[in-house]
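Structure file upload-v8.pdb; described as PDB, C-alpha atoms.
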```
MODEL        1
ATOM      1  CA  MET W 292    -141.911 150.095  76.613
ATOM      2  CA  LEU W 293    -145.485 149.707  75.343
ATOM      3  CA  SER W 294    -145.055 145.996  74.798
ATOM      4  CA  SER W 295    -143.653 145.599  78.332
ATOM      5  CA  ILE W 296    -146.672 147.406  79.778
ATOM      6  CA  PHE W 297    -148.969 145.181  77.732
ATOM      7  CA  ILE W 298    -147.273 141.989  78.934
ATOM      8  CA  VAL W 299    -147.289 143.041  82.602
ATOM      9  CA  LEU W 300    -150.902 144.239  82.476
ATOM     10  CA  LEU W 301    -152.224 141.125  80.759
ATOM     11  CA  CYS W 302    -150.338 138.748  83.029
ATOM     12  CA  LEU W 303    -151.335 140.633  86.199
ATOM     13  CA  VAL W 304    -155.005 140.816  85.339
ATOM     14  CA  THR W 305    -155.423 137.160  84.396
ATOM     15  CA  SER W 306    -152.859 135.521  86.662
ATOM     16  CA  CYS W 307    -153.706 137.223  89.974
ATOM     17  CA  ALA W 308    -157.361 136.329  89.819
ATOM     18  CA  THR W 309    -156.686 132.796  88.583
ATOM     19  CA  PHE W 310    -153.982 132.213  91.186
ATOM     20  CA  ALA W 311    -156.281 133.416  93.968
ATOM     21  CA  TRP W 312    -159.019 131.096  92.732
ATOM     22  CA  ALA W 313    -156.645 128.137  92.494
ATOM     23  CA  GLU W 314    -155.302 128.751  95.982
ATOM     24  CA  SER W 315    -158.662 129.338  97.641
ATOM     25  CA  ALA W 316    -159.729 126.904 100.328
ATOM     26  CA  VAL W 317    -162.732 125.542  98.514
ATOM     27  CA  SER W 318    -160.998 124.648  95.254
ATOM     28  CA  SER W 319    -157.828 123.165  96.749
ATOM     29  CA  ARG W 320    -159.047 121.217  99.750
ATOM     30  CA  GLY W 321    -162.771 120.971  99.337
ATOM     31  CA  VAL W 322    -163.362 122.291 102.859
ATOM     32  CA  PRO W 323    -164.552 125.879 103.114
ATOM     33  CA  GLU W 324    -162.683 128.006 105.651
ATOM     34  CA  GLU W 325    -163.774 131.185 107.316
ATOM     35  CA  PRO W 326    -163.464 133.938 104.681
ATOM     36  CA  SER W 327    -160.530 136.314 105.194
ATOM     37  CA  TRP W 328    -160.865 140.102 105.005
ATOM     38  CA  MET W 329    -159.589 140.157 101.420
ATOM     39  CA  ARG W 330    -161.997 137.468 100.348
ATOM     40  CA  GLY W 331    -164.858 139.214 102.069
ATOM     41  CA  GLN W 332    -164.132 142.689 100.721
ATOM     42  CA  PHE W 333    -162.958 141.969  97.190
ATOM     43  CA  GLY W 334    -164.179 138.433  96.572
ATOM     44  CA  LEU W 335    -160.582 137.292  96.053
ATOM     45  CA  GLY W 336    -160.528 133.601  95.225
ATOM     46  CA  SER W 337    -164.051 133.538  93.873
ATOM     47  CA  MET W 338    -164.967 132.157  90.476
ATOM     48  CA  PHE W 339    -166.620 135.472  89.596
ATOM     49  CA  LEU W 340    -163.371 137.414  90.039
ATOM     50  CA  MET W 341    -161.486 134.845  87.987
ATOM     51  CA  VAL W 342    -163.996 135.148  85.147
ATOM     52  CA  CYS W 343    -163.758 138.954  85.407
ATOM     53  CA  GLY W 344    -159.972 138.800  85.296
ATOM     54  CA  ILE W 345    -159.940 136.517  82.264
ATOM     55  CA  SER W 346    -162.539 138.693  80.491
ATOM     56  CA  CYS W 347    -160.476 141.816  81.151
ATOM     57  CA  GLY W 348    -157.439 139.986  79.837
ATOM     58  CA  VAL W 349    -159.286 139.042  76.640
ATOM     59  CA  VAL W 350    -160.424 142.655  76.181
ATOM     60  CA  ILE W 351    -156.872 143.948  76.709
ATOM     61  CA  GLY W 352    -155.544 141.400  74.222
ATOM     62  CA  LEU W 353    -158.162 142.315  71.617
ATOM     63  CA  VAL W 354    -157.522 146.040  72.017
ATOM     64  CA  ALA W 355    -153.754 145.472  71.784
ATOM     65  CA  THR W 356    -154.280 143.451  68.606
ATOM     66  CA  ILE W 357    -156.861 145.561  66.777
ATOM     67  CA  TRP W 358    -155.778 149.125  67.632
ATOM     68  CA  PRO W 359    -152.115 148.935  66.426
ATOM     69  CA  LEU W 360    -153.180 147.155  63.231
ATOM     70  CA  ARG W 361    -155.712 149.909  62.471
ATOM     71  CA  VAL W 362    -153.093 152.566  63.189
ATOM     72  CA  GLY W 363    -150.608 150.828  60.883
ATOM     73  CA  LEU W 364    -153.202 150.384  58.139
ATOM     74  CA  ARG W 365    -154.074 154.100  58.239
ATOM     75  CA  ALA W 366    -150.356 154.944  58.051
ATOM     76  CA  PHE W 367    -149.925 152.681  55.012
ATOM     77  CA  ARG W 368    -152.917 154.256  53.269
ATOM     78  CA  ARG W 369    -151.499 157.737  53.861
ATOM     79  CA  LEU W 370    -148.255 156.645  52.164
ATOM     80  CA  GLU W 371    -150.072 155.540  49.022
ATOM     81  CA  PRO W 372    -150.290 158.172  46.248
TER      82      PRO W 372
ATOM     83  CA  MET H 225    -146.896 134.481  64.439
ATOM     84  CA  ARG H 226    -148.585 131.552  62.735
ATOM     85  CA  ARG H 227    -145.368 129.551  62.776
ATOM     86  CA  PHE H 228    -144.352 130.284  66.338
ATOM     87  CA  LEU H 229    -147.667 130.233  68.192
ATOM     88  CA  PRO H 230    -148.032 126.410  68.235
ATOM     89  CA  VAL H 231    -144.427 126.087  69.432
ATOM     90  CA  CYS H 232    -144.988 128.609  72.228
ATOM     91  CA  SER H 233    -148.266 126.993  73.240
ATOM     92  CA  LEU H 234    -146.621 123.583  73.257
ATOM     93  CA  LEU H 235    -143.760 124.857  75.433
ATOM     94  CA  VAL H 236    -146.200 126.399  77.907
ATOM     95  CA  LEU H 237    -148.218 123.174  77.975
ATOM     96  CA  ILE H 238    -145.127 121.029  78.553
ATOM     97  CA  SER H 239    -144.010 123.370  81.350
ATOM     98  CA  ASP H 240    -147.415 123.160  83.008
ATOM     99  CA  LEU H 241    -147.452 119.377  82.799
ATOM    100  CA  ALA H 242    -143.880 119.095  84.081
ATOM    101  CA  LEU H 243    -144.716 121.308  87.067
ATOM    102  CA  GLY H 244    -147.821 119.296  87.862
ATOM    103  CA  VAL H 245    -150.208 122.192  87.307
ATOM    104  CA  GLY H 246    -152.469 119.974  85.211
ATOM    105  CA  HIS H 247    -153.014 117.580  88.112
ATOM    106  CA  ARG H 248    -154.083 120.399  90.368
ATOM    107  CA  SER H 249    -156.302 122.377  88.056
ATOM    108  CA  LEU H 250    -156.934 122.116  84.312
ATOM    109  CA  ALA H 251    -158.457 125.599  84.369
ATOM    110  CA  VAL H 252    -155.024 127.103  85.123
ATOM    111  CA  VAL H 253    -153.538 125.251  82.131
ATOM    112  CA  ALA H 254    -156.338 126.616  79.945
ATOM    113  CA  VAL H 255    -155.727 130.150  81.246
ATOM    114  CA  HIS H 256    -152.016 129.806  80.465
ATOM    115  CA  GLN H 257    -152.810 128.762  76.889
ATOM    116  CA  LEU H 258    -155.207 131.697  76.510
ATOM    117  CA  GLN H 259    -152.564 134.087  77.868
ATOM    118  CA  CYS H 260    -150.028 132.702  75.386
ATOM    119  CA  LEU H 261    -152.442 133.265  72.499
ATOM    120  CA  LEU H 262    -153.322 136.812  73.585
ATOM    121  CA  LEU H 263    -149.694 137.763  74.204
ATOM    122  CA  CYS H 264    -148.502 136.420  70.845
ATOM    123  CA  SER H 265    -151.263 138.118  68.860
ATOM    124  CA  GLY H 266    -150.964 141.397  70.755
ATOM    125  CA  LEU H 267    -147.196 141.633  70.469
ATOM    126  CA  ALA H 268    -147.211 140.666  66.780
ATOM    127  CA  ALA H 269    -149.912 143.258  66.037
ATOM    128  CA  MET H 270    -148.008 145.952  67.926
ATOM    129  CA  ALA H 271    -144.791 145.149  66.063
ATOM    130  CA  VAL H 272    -146.527 145.308  62.672
ATOM    131  CA  GLY H 273    -148.827 148.258  63.336
ATOM    132  CA  LEU H 274    -146.490 150.536  65.235
ATOM    133  CA  GLY H 275    -143.639 149.588  62.903
ATOM    134  CA  ALA H 276    -145.763 150.915  60.039
ATOM    135  CA  LYS H 277    -146.826 154.040  61.919
ATOM    136  CA  LEU H 278    -143.333 154.965  63.120
ATOM    137  CA  PRO H 279    -140.847 153.682  60.526
ATOM    138  CA  ASN H 280    -137.148 153.922  61.263
ATOM    139  CA  LEU H 281    -136.068 156.038  58.280
ATOM    140  CA  ARG H 282    -132.423 156.123  59.399
ATOM    141  CA  GLU H 283    -131.933 152.597  58.034
ATOM    142  CA  THR H 284    -129.813 152.420  54.900
ATOM    143  CA  SER H 285    -131.723 149.578  53.254
ATOM    144  CA  PRO H 286    -135.360 150.226  52.166
ATOM    145  CA  ALA H 287    -136.203 146.577  52.769
ATOM    146  CA  ARG H 288    -135.182 146.983  56.399
ATOM    147  CA  ILE H 289    -137.357 150.073  56.720
ATOM    148  CA  ALA H 290    -140.365 148.159  55.393
ATOM    149  CA  SER H 291    -139.825 145.089  57.513
ATOM    150  CA  GLY H 292    -138.460 146.733  60.656
ATOM    151  CA  PHE H 293    -140.093 147.302  64.007
ATOM    152  CA  GLY H 294    -139.939 151.072  63.776
ATOM    153  CA  VAL H 295    -138.250 153.800  65.763
ATOM    154  CA  ARG H 296    -137.112 152.766  69.215
TER     155      ARG H 296
ENDMDL
END
```

Please rewrite the model in this file as structure tokens.
Amino acid sequence: MLSSIFIVLLCLVTSCATFAWAESAVSSRGVPEEPSWMRGQFGLGSMFLMVCGISCGVVIGLVATIWPLRVGLRAFRRLEP
Amino acid sequence: MRRFLPVCSLLVLISDLALGVGHRSLAVVAVHQLQCLLLCSGLAAMAVGLGAKLPNLRETSPARIASGFGVR
């Protein structure tokens, strides 16, 4: 369950922002279009949002790596006499 | 994880190249590789750490308890 949540969260955070950036008018055709409501309100498709998404993904990955290892290490140390 | 990460990364890279993602944007290929790395490390750490925190003591073999993924 926890691993499924981790996979979905990481993929959503990085992929949505990157997909929006890749599909945006400027990056794909080189001709800027009139910004849609989504692009205007949330900056969807902008480089900034993509960088934010990737950074959040890195943070989620680091937390998911470091926290369980620390928990496991503490559990091992409690088992030792 | 050390043994399987290069294989996973290579598979993701081959998939991206076969689908033509590399021609469109190399940044997307790089993001896919980063996602693969983060997923592999995160899942491996969760399996090891939570398997140690919540061992499955119903197993008959002690070696399986030590190397298992914990209580489901």

Atomic distance CA of Val304 (chain W) - CA of Gly363 (chain W), expressed in Å with one decimal: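 Spanning CA of Val304 (chain W) to CA of Gly363 (chain W) is a straight-line distance of 26.8 Å.
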
Interface residues on chain W facing chain H, 12 Å, all atoms listed in the file, written as a PyMOL selection string: chain W and resi 292-314+318-320+338+341-342+344-370

Output, as lines of an AutoDock Vina configuration file, the centre and edge lengths in Å (one decimal) of the axis-aligned box that contains all listed atoms of region 352-370 of chain W with 6 Å of margin on each side.
```
center_x = -153.2
center_y = 149.6
center_z = 63.2
size_x = 21.9
size_y = 28.3
size_z = 34.1
```

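Across the model, the gap from CA of Ser337 (chain W) to CA of Val245 (chain H) is 19.1 Å.
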
Gap from CA of Asp240 (chain H) to CA of Phe339 (chain W) - Å, one decimal: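 Computing it gives 23.7 Å between the two atoms.
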